[in-house]
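Student: Let me give you the structure first, and then I'll get to my questions.
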Amino acid sequence: MSGLRVLVGVKRVIDYAVKIRVRPDSLGVVTDGVKHSMNPFDENAIEEAVRMKQKKIVKEIIVASCGPPQAQETIRTALAMGADRGIHVEVPAGTDANLQPLGVAKIFAALVEQEKPDLVILGKQAIDDDANQTTQLLAGILDWPQGTMASVVSAGDGALTITREIDGGLEDISVSLPAVISADLRLNEPRYATLPNIMKAKKKKIAKMDPASLGVDITPRLKILNVVDPPVRQAGDKVPDVSTLMEKLKEKGHL
Amino acid sequence: MLGKLVRPVLQRCAAARHISTTLLPEDIELLRTTCWDFAENELKPIAGQIDKEHKYPTDQVKMMGELGLMGMVAPEELGGAGMGYLAYAVAMEEISRGCATAGVILSVNNSLYLGPLLTNGNDAQKEKWVTPFLDGDHVGCFCLSEPGNGSDAGAASTNATLRDNGQYELNGSKAWITNGYESEAAVVFATTDKSLKHKGISAFVVPKPAQGVSLGKKEDKLGIRGSSTCVINFDNCMIDEANLLGKAGDGFKIAMRTLDAGRIGVAGQALGIAQASLECAVAYSQQRQAFGKPIASLSTIQNKLADMECKIWSARLINWHAAKLKDDGHNFTKEAAMAKLVASEAATYCAHQAIQVLGGMGYVSDMPAERHYRDARITEIYEGTSEIQRLVIAGNLLKEMVQ
């Protein structure tokens with residue numbers, strides 16, 4: 001298998017190490033002035049595409065992101081990791097919270113129509129909404145096979161063998177191309193963007209478009225009613241022996 | 001065990017710091033992220049150990065080479081990353097925040113060794129002495145100071161005499177040479193014509209090891225202990241004329257210009273140490289309780305943290321300004337001296353106060369505050385003492401504001 005063209009999706013999210021704060025209106029979290037980076041699972045997605053390119057299985061990597069103007073930085077990071085060119089489907093700043101998996105999947109379906117890749121790789125889920133839906137929705141819209149939660153991807157003759165991480169353990173499936181894959185954390189260890197590659201990325205092209213020009217309606221189908229902090233963890237009780245423990249558990253209705 | 005408690009908080013504090021950098025262009029912010037990640041993952045975990053063992057971080061330097069850091073200021077045609085000094089200042093800070101020793105190795109190779117070669121070397125010299133020294137496997141060093149003179153660089157007594165066979169014979173000793181042991185090439189300043197005083201100093205590239213080159217014992221330093229520092233002796237060391245950098249007599253100018261640029265790097269290193277100290281102090285003060293609440297809520301601690309943050313940002317902005325002036329082709333001598341002066345004093349202040357915030361824990365090696373204190377101290381001394389920086393600043397200021 002060689003000469004494949006891959007479309008990789010990346011999302012700009014709040015950095016995983018940041019302490020999240022709920023907005024005063026309880027309809028979301030504070031994003032203004034907060035450090036953002038590429039969704040960690042998307043780093044795995046890009047890394048896998050770059051590795052396949054190094055093995056000559058892939059010949060072109062197109063990286064796409066749907067988001068506000070700053071999403072360009074995330075695309076640039078992907079270019080610095082080894083993607084060849086970028087597509088920025090831009091939405092106005094501040095409206096990106098309204099972008100939901102169905103809308104994004106439709107955008108990617110339109111990009112697939114435009115770019116005709118052999119393979120689409122997305123991150124398993126975004127760490128802000130934890131939806132884990134876009135890959136599956138996209139595969140459904142395109143009527144393409146899907147390999148989600150991939151922790152190993154190997155290229156065979158005209159098909160990919162994918163090891164999926166599932167509740168019971170690991171599952172191996174064979175997926176014919178074209179297909180959609182979602183990357184899990186253990187798929188690979190993403191590389192650092194080296195300085196020469198950062199310099200090269202400056203010259204790589206990022207095409208700009210918007211959902212309307214792709215004929216996609218991104219009106220949200222879900223409405224967020226309320227966002228609250230998880231309850232503060234209460235202190236536990238120490239009991240002197242097992243019989244007291246049993247009593248307390250019965251008292252609280254746990255038994 | 002307190003160390004374990006502090007680590008996750010440290011990462012959150014550090015991540016939060018990235019907020020305020022809408023001041024940097026996109027590619028340099030990307031570089032900063034790479035360096036920050038590298039420092040967190042590869043340098044921070046080993047910094048304490050290499051300090052205790054006085055161990056040169058060979059693997060980490062190699063990785064920095066692979067990332068393109070060790071030759072970041074060299075142009076792409078020679079195999080470098082072709083980045084400017086603003087990028088270099090940012091990289092130096094993030095690397096040094098993880099490990100000050102890695103920072104000094106990075107700075108000596110980029111500014112002090114590659115610097116003179118890039119500005120004054122001819123094509124043959126660049127091919128031989130720049131290109132192989134970019135991958136982290138081979139590093140260079142810079143020999144200006146001598147046992148008899150540091151600040152008084154013009155009084156160099158090491159001499160290079162042109163012999164009948166067309167070679168120069170090098171005799172003398174150079175002191176305080178960073179990377180003395182690991183380097184495979186040295187930029188050496190020696191007097192070729194004593195009658196011309198400082199205009200009679202020339203710069204040479206000397207390979208190591210070589211006939212007539214010997215190393216003194218490794219200095220037992222207070223800080224940056226992973227890097228080797230020693231005396232290098234030259235005894236009838238013969239060097240080809242092809243190793244002369246620029247023309248005979250250019251040496252002093254080359255040295256001064258090199259140090260100007262090097263100061264931006266050292267300021268970056270000092271900022272990294274200062275930032276690491278601040279993060280250590282903030283994290284500790286949020287965990288440590290006294291009088292029923294975290295000490296971070298006490299105004300006496302808050303005063304220290306505020307002063308540390310102000311000094312760091314002031315120094316950082318002067319350094320970025322100096323770097324930008326250089327990148328844009330302007331005169332930056334005064335600003336680089338200001339940056340190095342202010343950043344090094346910020347580093348010693350922040351390291352000192354970090355120990356104070358940590359109390360007894362600041363005095364033991366379980367916490368990195370004592371290592372930052374020892375690492376910070378040299379930044380006020382090398383590449384021009386604070387006293388020399390003040391002379392440079394005042395000299396330039398008086399020229400600018402001549403009445």
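Naming works like this for the structure tokens: A, B, ... for the chains as they're shown, residue 1 at the start of each chain, ligands 1 onward in shown order.
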Output as a PyMOL selection string all residues of segment 57-128 of chain B that backbone DSSP marks as helix (DSSP H, G or I).

Tutor: chain B and resi 58-67+76-78+85-98+100-120+123-128

Student: Leaving out Ala203 of chain B and any residue of its chain fewer than 3 positions from it, which residues lie within 8 Å of it when counting only C-alpha atoms, given as a ChimeraX atom specification?

Tutor: /B:187-190,244-246,248,250-251,254

Student: Between B:Met64, B:Glu383, B:Glu77, B:Glu94, which one has atoms that come closest to Glu29 of chain B, using only C-alpha atoms?

Tutor: B:Glu94

Student: Determine the nearest neighbour of Met81 of chain A from the options A:Thr31, A:Thr95, A:Ser154, A:Asn197, counting only C-alpha atoms.

Tutor: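 The answer is A:Asn197, which sits nearest to Met81 of chain A.
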
Student: Could you please tell me, as a PDB file with C-alpha atoms, in the first residue's frame, which residues of chain A have an atom within 8 Å of chain B when using only C-alpha atoms?

Tutor:
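The resulting file, out_24.pdb, is reproduced below:
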ATOM      1  CA  ASP A  15      -4.687  22.994  27.245  1.00  0.00           C
ATOM      2  CA  ALA A  17      -2.934  21.208  32.153  1.00  0.00           C
ATOM      3  CA  VAL A  18      -5.038  24.328  32.713  1.00  0.00           C
ATOM      4  CA  LYS A  19      -7.304  24.554  35.769  1.00  0.00           C
ATOM      5  CA  GLY A  33      -6.966  34.520  27.918  1.00  0.00           C
ATOM      6  CA  VAL A  34      -6.643  30.821  28.734  1.00  0.00           C
ATOM      7  CA  LYS A  35      -3.878  28.708  27.196  1.00  0.00           C
ATOM      8  CA  GLU A  73      -1.916  28.186  15.279  1.00  0.00           C
ATOM      9  CA  THR A  77       1.656  23.085  14.772  1.00  0.00           C
ATOM     10  CA  TYR A 192       8.278  17.457  19.132  1.00  0.00           C
ATOM     11  CA  ALA A 193       8.067  20.045  16.343  1.00  0.00           C
ATOM     12  CA  THR A 194      11.773  20.474  15.562  1.00  0.00           C
ATOM     13  CA  LEU A 195      13.149  23.920  14.761  1.00  0.00           C
ATOM     14  CA  PRO A 196      13.888  23.212  11.086  1.00  0.00           C
ATOM     15  CA  ILE A 198       8.883  24.982  12.430  1.00  0.00           C
ATOM     16  CA  MET A 199      10.762  27.106   9.893  1.00  0.00           C
ATOM     17  CA  LYS A 202       6.024  28.924   7.872  1.00  0.00           C
TER      18      LYS A 202
END

Student: In Å to one decimal, how far is atom CA of Asp137 of chain B from atom CA of Asp123 of chain B?

Tutor: 21.9 Å

Student: Counting only C-alpha atoms, what is within 10 Å of Ser285 of chain B, bar same-chain residues fewer than 6 positions away, as a list of chain:residue names?

Tutor: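 Here the qualifying residues turn out to be B:Glu279, B:Pro294, B:Ile295, B:Ala296, B:Ser297, B:Leu298, B:Ile301, B:Gln302, B:Leu305, B:Ala354, B:Val357, B:Leu358.
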
Student: Could you save those same residues with all heavy atoms as a compact mmCIF listing (two decimals), in the first residue's frame?

Tutor:
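As a result, selection20.txt now contains:
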# COMPACT_ATOMS: atom_id res chain seq x y z
N GLU B 279 8.10 29.75 40.07
CA GLU B 279 7.11 28.67 40.02
C GLU B 279 7.22 27.78 41.24
O GLU B 279 6.22 27.34 41.82
CB GLU B 279 7.28 27.86 38.73
CG GLU B 279 6.81 28.65 37.51
CD GLU B 279 7.13 27.97 36.19
OE1 GLU B 279 7.54 26.79 36.20
OE2 GLU B 279 6.97 28.62 35.15
N PRO B 294 -3.07 28.75 53.72
CA PRO B 294 -1.86 28.67 52.89
C PRO B 294 -1.06 29.96 53.03
O PRO B 294 -1.63 31.06 53.10
CB PRO B 294 -2.40 28.53 51.46
CG PRO B 294 -3.80 28.08 51.61
CD PRO B 294 -4.29 28.61 52.91
N ILE B 295 0.27 29.81 53.04
CA ILE B 295 1.08 31.02 53.24
C ILE B 295 0.96 31.99 52.06
O ILE B 295 1.28 33.17 52.19
CB ILE B 295 2.57 30.69 53.52
CG1 ILE B 295 3.21 29.92 52.36
CG2 ILE B 295 2.69 29.93 54.83
CD1 ILE B 295 4.72 29.70 52.56
N ALA B 296 0.44 31.49 50.91
CA ALA B 296 0.23 32.38 49.76
C ALA B 296 -0.79 33.48 50.07
O ALA B 296 -0.86 34.48 49.36
CB ALA B 296 -0.23 31.58 48.56
N SER B 297 -1.58 33.29 51.13
CA SER B 297 -2.57 34.32 51.46
C SER B 297 -1.98 35.42 52.34
O SER B 297 -2.64 36.41 52.63
CB SER B 297 -3.77 33.67 52.16
OG SER B 297 -3.33 33.08 53.36
N LEU B 298 -0.76 35.23 52.81
CA LEU B 298 -0.13 36.24 53.68
C LEU B 298 0.52 37.33 52.84
O LEU B 298 1.21 37.05 51.86
CB LEU B 298 0.93 35.58 54.56
CG LEU B 298 0.42 34.45 55.46
CD1 LEU B 298 1.61 33.70 56.07
CD2 LEU B 298 -0.46 35.02 56.57
N ILE B 301 4.28 37.19 51.98
CA ILE B 301 4.67 36.28 50.90
C ILE B 301 4.24 36.87 49.56
O ILE B 301 4.98 36.81 48.57
CB ILE B 301 4.02 34.88 51.11
CG1 ILE B 301 4.52 34.23 52.40
CG2 ILE B 301 4.28 33.98 49.90
CD1 ILE B 301 6.00 33.86 52.40
N GLN B 302 3.05 37.44 49.52
CA GLN B 302 2.55 38.02 48.27
C GLN B 302 3.46 39.13 47.77
O GLN B 302 3.67 39.27 46.56
CB GLN B 302 1.12 38.53 48.47
CG GLN B 302 0.12 37.40 48.63
CD GLN B 302 -1.31 37.87 48.70
OE1 GLN B 302 -1.60 39.07 48.61
NE2 GLN B 302 -2.22 36.93 48.84
N LEU B 305 6.30 37.46 45.94
CA LEU B 305 5.90 36.89 44.66
C LEU B 305 5.66 38.00 43.64
O LEU B 305 6.05 37.89 42.48
CB LEU B 305 4.64 36.03 44.83
CG LEU B 305 4.76 34.84 45.78
CD1 LEU B 305 3.44 34.09 45.89
CD2 LEU B 305 5.87 33.89 45.34
N ALA B 354 12.92 32.66 46.68
CA ALA B 354 12.26 31.35 46.62
C ALA B 354 12.69 30.52 47.83
O ALA B 354 11.88 29.85 48.46
CB ALA B 354 12.61 30.63 45.32
N VAL B 357 10.79 31.79 50.78
CA VAL B 357 9.39 31.35 50.82
C VAL B 357 9.30 29.90 51.29
O VAL B 357 8.39 29.53 52.04
CB VAL B 357 8.73 31.50 49.41
CG1 VAL B 357 7.37 30.82 49.35
CG2 VAL B 357 8.61 32.97 49.05
N LEU B 358 10.27 29.09 50.86
CA LEU B 358 10.24 27.68 51.22
C LEU B 358 10.72 27.41 52.64
O LEU B 358 10.56 26.30 53.17
CB LEU B 358 11.09 26.86 50.23
CG LEU B 358 10.35 26.26 49.03
CD1 LEU B 358 9.64 27.31 48.21
CD2 LEU B 358 11.29 25.47 48.17

Student: Write out as a ChimeraX atom specification which residues come within 10 Å of Leu177 of chain A when counting only C-alpha atoms, dropping same-chain ones fewer than 2 positions away.

Tutor: /A:4,117-120,144-146,158-160,174-175,179-180

Student: Taking the DSSP assignment computed from this structure's backbone, write out as an MDAnalysis selection string all residues of segment 1-126 of chain A that belong to strand (DSSP E or B).

Tutor: chainID A and resid 4:9 12:14 22 29 36:38 58:67 85:90 119:123

Student: Write the residues of the selection above to a file with N, CA and C atoms, as a compact mmCIF listing (two decimals), in the first residue's frame.

Tutor:
# COMPACT_ATOMS: atom_id res chain seq x y z
N LEU A 4 -0.92 6.92 -0.55
CA LEU A 4 -2.22 7.35 -0.03
C LEU A 4 -2.23 8.84 0.28
N ARG A 5 -3.42 9.41 0.19
CA ARG A 5 -3.58 10.81 0.62
C ARG A 5 -4.45 10.81 1.86
N VAL A 6 -3.98 11.49 2.90
CA VAL A 6 -4.67 11.45 4.20
C VAL A 6 -5.16 12.82 4.60
N LEU A 7 -6.37 12.88 5.13
CA LEU A 7 -6.92 14.11 5.71
C LEU A 7 -6.96 13.90 7.22
N VAL A 8 -6.29 14.78 7.95
CA VAL A 8 -6.27 14.67 9.41
C VAL A 8 -7.01 15.86 10.01
N GLY A 9 -7.85 15.60 10.99
CA GLY A 9 -8.59 16.68 11.65
C GLY A 9 -7.94 17.02 12.98
N ARG A 12 -8.52 22.88 18.22
CA ARG A 12 -7.89 23.75 19.22
C ARG A 12 -8.76 23.71 20.47
N VAL A 13 -8.16 23.22 21.58
CA VAL A 13 -8.91 23.09 22.82
C VAL A 13 -8.13 23.75 23.96
N ILE A 14 -8.79 23.92 25.11
CA ILE A 14 -8.08 24.43 26.28
C ILE A 14 -7.00 23.40 26.64
N VAL A 22 -15.58 27.54 35.61
CA VAL A 22 -16.92 27.69 35.02
C VAL A 22 -17.22 29.18 34.86
N VAL A 29 -17.35 27.23 30.06
CA VAL A 29 -16.15 27.47 30.86
C VAL A 29 -15.45 28.71 30.32
N HIS A 36 -4.49 27.63 25.12
CA HIS A 36 -5.10 26.59 24.28
C HIS A 36 -4.00 25.83 23.56
N SER A 37 -4.25 24.57 23.25
CA SER A 37 -3.32 23.80 22.41
C SER A 37 -4.07 22.79 21.57
N MET A 38 -3.31 21.99 20.81
CA MET A 38 -3.93 20.96 19.98
C MET A 38 -4.46 19.87 20.89
N VAL A 58 1.94 6.81 2.86
CA VAL A 58 1.18 8.02 2.58
C VAL A 58 2.05 8.96 1.78
N LYS A 59 1.45 9.67 0.81
CA LYS A 59 2.27 10.62 0.06
C LYS A 59 1.88 12.07 0.35
N GLU A 60 0.66 12.30 0.85
CA GLU A 60 0.29 13.69 1.17
C GLU A 60 -0.59 13.73 2.41
N ILE A 61 -0.27 14.66 3.31
CA ILE A 61 -1.07 14.84 4.52
C ILE A 61 -1.69 16.24 4.49
N ILE A 62 -3.04 16.25 4.50
CA ILE A 62 -3.74 17.53 4.57
C ILE A 62 -4.32 17.63 5.97
N VAL A 63 -4.05 18.73 6.65
CA VAL A 63 -4.57 18.89 8.02
C VAL A 63 -5.67 19.94 7.99
N ALA A 64 -6.80 19.65 8.62
CA ALA A 64 -7.92 20.58 8.62
C ALA A 64 -8.41 20.83 10.03
N SER A 65 -8.84 22.08 10.27
CA SER A 65 -9.41 22.40 11.57
C SER A 65 -10.59 23.33 11.40
N CYS A 66 -11.65 23.10 12.18
CA CYS A 66 -12.81 23.97 12.19
C CYS A 66 -12.72 24.79 13.46
N GLY A 67 -12.65 26.11 13.32
CA GLY A 67 -12.54 26.88 14.55
C GLY A 67 -12.37 28.36 14.30
N ARG A 85 -0.06 20.45 3.88
CA ARG A 85 -0.78 21.72 3.77
C ARG A 85 -2.00 21.70 4.67
N GLY A 86 -2.57 22.91 4.90
CA GLY A 86 -3.65 23.00 5.85
C GLY A 86 -4.91 23.60 5.26
N ILE A 87 -6.03 23.31 5.90
CA ILE A 87 -7.31 23.92 5.56
C ILE A 87 -7.92 24.43 6.86
N HIS A 88 -8.27 25.71 6.87
CA HIS A 88 -8.87 26.31 8.06
C HIS A 88 -10.31 26.66 7.72
N VAL A 89 -11.25 25.91 8.28
CA VAL A 89 -12.66 26.24 8.11
C VAL A 89 -13.01 27.15 9.28
N GLU A 90 -13.11 28.45 8.96
CA GLU A 90 -13.16 29.43 10.03
C GLU A 90 -14.58 29.78 10.44
N LEU A 119 -7.95 8.29 3.16
CA LEU A 119 -8.07 7.97 4.58
C LEU A 119 -8.29 9.25 5.36
N VAL A 120 -9.16 9.18 6.36
CA VAL A 120 -9.34 10.32 7.27
C VAL A 120 -8.96 9.84 8.67
N ILE A 121 -8.08 10.61 9.34
CA ILE A 121 -7.73 10.25 10.72
C ILE A 121 -8.11 11.41 11.63
N LEU A 122 -8.90 11.11 12.64
CA LEU A 122 -9.28 12.14 13.63
C LEU A 122 -8.83 11.66 15.00
N GLY A 123 -8.82 12.57 15.97
CA GLY A 123 -8.57 12.15 17.35
C GLY A 123 -9.82 11.47 17.87

Student: Closest to Leu24 of chain B among B:Ala74, B:Val402, B:Ala102, B:Leu317, using only C-alpha atoms?

Tutor: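 The closest residue to Leu24 of chain B is B:Leu317.
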
Student: Rank nothing, just name the residue among B:Gln286, B:Thr379, B:Ser107, B:Ser173 nearest to Tyr88 of chain B, using only C-alpha atoms.

Tutor: B:Ser107

Student: Using only C-alpha atoms, which protein or nucleic acid residues come within 12 Å of Met256 of chain B? Drop anything in the same chain fewer than 3 positions from it, and give the result as an NGL selection string.

Tutor: :B and (111-112 or 115-116 or 144 or 151-154 or 189 or 198 or 201 or 203 or 250-253 or 259-263 or 333 or 336-337 or 383-384 or 392)

Student: Considering only C-alpha atoms, state which residue in the set B:Ala160, B:Leu215, B:Leu23, B:Ala290 is at the smallest distance from Cys237 of chain B.

Tutor: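 Selected residue with least distance to Cys237 of chain B: B:Ala160.
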
Student: With a distance cut-off of 9 Å and only C-alpha atoms, select the neighbouring residues of segment 368-372 of chain B, excluding the residue or stretch itself and same-chain residues fewer than 6 positions from it, and output the selection as a ChimeraX atom specification.

Tutor: /B:47-48,51,100,223-224,273-274,276-277,280-281,347-348,350-352,354-355,358,361-362

Student: So that I have them on file, write out the residues from the current selection with C-alpha atoms, as an mmCIF file, in the first residue's frame.

Tutor:
data_model
loop_
_atom_site.group_PDB
_atom_site.id
_atom_site.type_symbol
_atom_site.label_atom_id
_atom_site.label_comp_id
_atom_site.auth_asym_id
_atom_site.auth_seq_id
_atom_site.Cartn_x
_atom_site.Cartn_y
_atom_site.Cartn_z
ATOM 1 C CA ALA B 47 18.477 18.428 36.475
ATOM 2 C CA GLY B 48 18.915 17.588 40.158
ATOM 3 C CA ASP B 51 23.913 18.710 39.475
ATOM 4 C CA ALA B 100 20.491 25.690 33.802
ATOM 5 C CA GLY B 223 26.352 25.879 40.288
ATOM 6 C CA ILE B 224 25.747 24.721 36.694
ATOM 7 C CA ILE B 273 16.302 30.185 36.405
ATOM 8 C CA ALA B 274 14.241 33.084 37.768
ATOM 9 C CA ALA B 276 11.752 28.222 37.772
ATOM 10 C CA SER B 277 12.373 29.812 41.182
ATOM 11 C CA CYS B 280 8.677 26.709 42.853
ATOM 12 C CA ALA B 281 7.812 29.463 45.346
ATOM 13 C CA ALA B 347 17.598 35.508 38.828
ATOM 14 C CA THR B 348 19.602 35.941 42.012
ATOM 15 C CA CYS B 350 14.091 35.316 42.689
ATOM 16 C CA ALA B 351 16.245 32.340 43.709
ATOM 17 C CA HIS B 352 17.036 34.027 47.007
ATOM 18 C CA ALA B 354 12.264 31.353 46.623
ATOM 19 C CA ILE B 355 14.442 29.840 49.341
ATOM 20 C CA LEU B 358 10.243 27.679 51.221
ATOM 21 C CA MET B 361 12.673 23.217 52.671
ATOM 22 C CA GLY B 362 14.472 25.841 50.580
#

Student: Work out how far apart atom CA of Phe133 of chain B and atom CA of Arg374 of chain B are and give it in Å to one decimal.

Tutor: 29.1 Å

Student: Tell me, as a list in words, which residues lie within 10 Å of Tyr382 of chain B, counting only C-alpha atoms; anything in the same chain fewer than 3 positions away does not count.

Tutor: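 Contacts, with the query itself left out: Ser145, Gly150, Ser151, Trp176, Arg263, Val266, Arg377, Ile378, Thr379, Thr385 and Ser386 of chain B.
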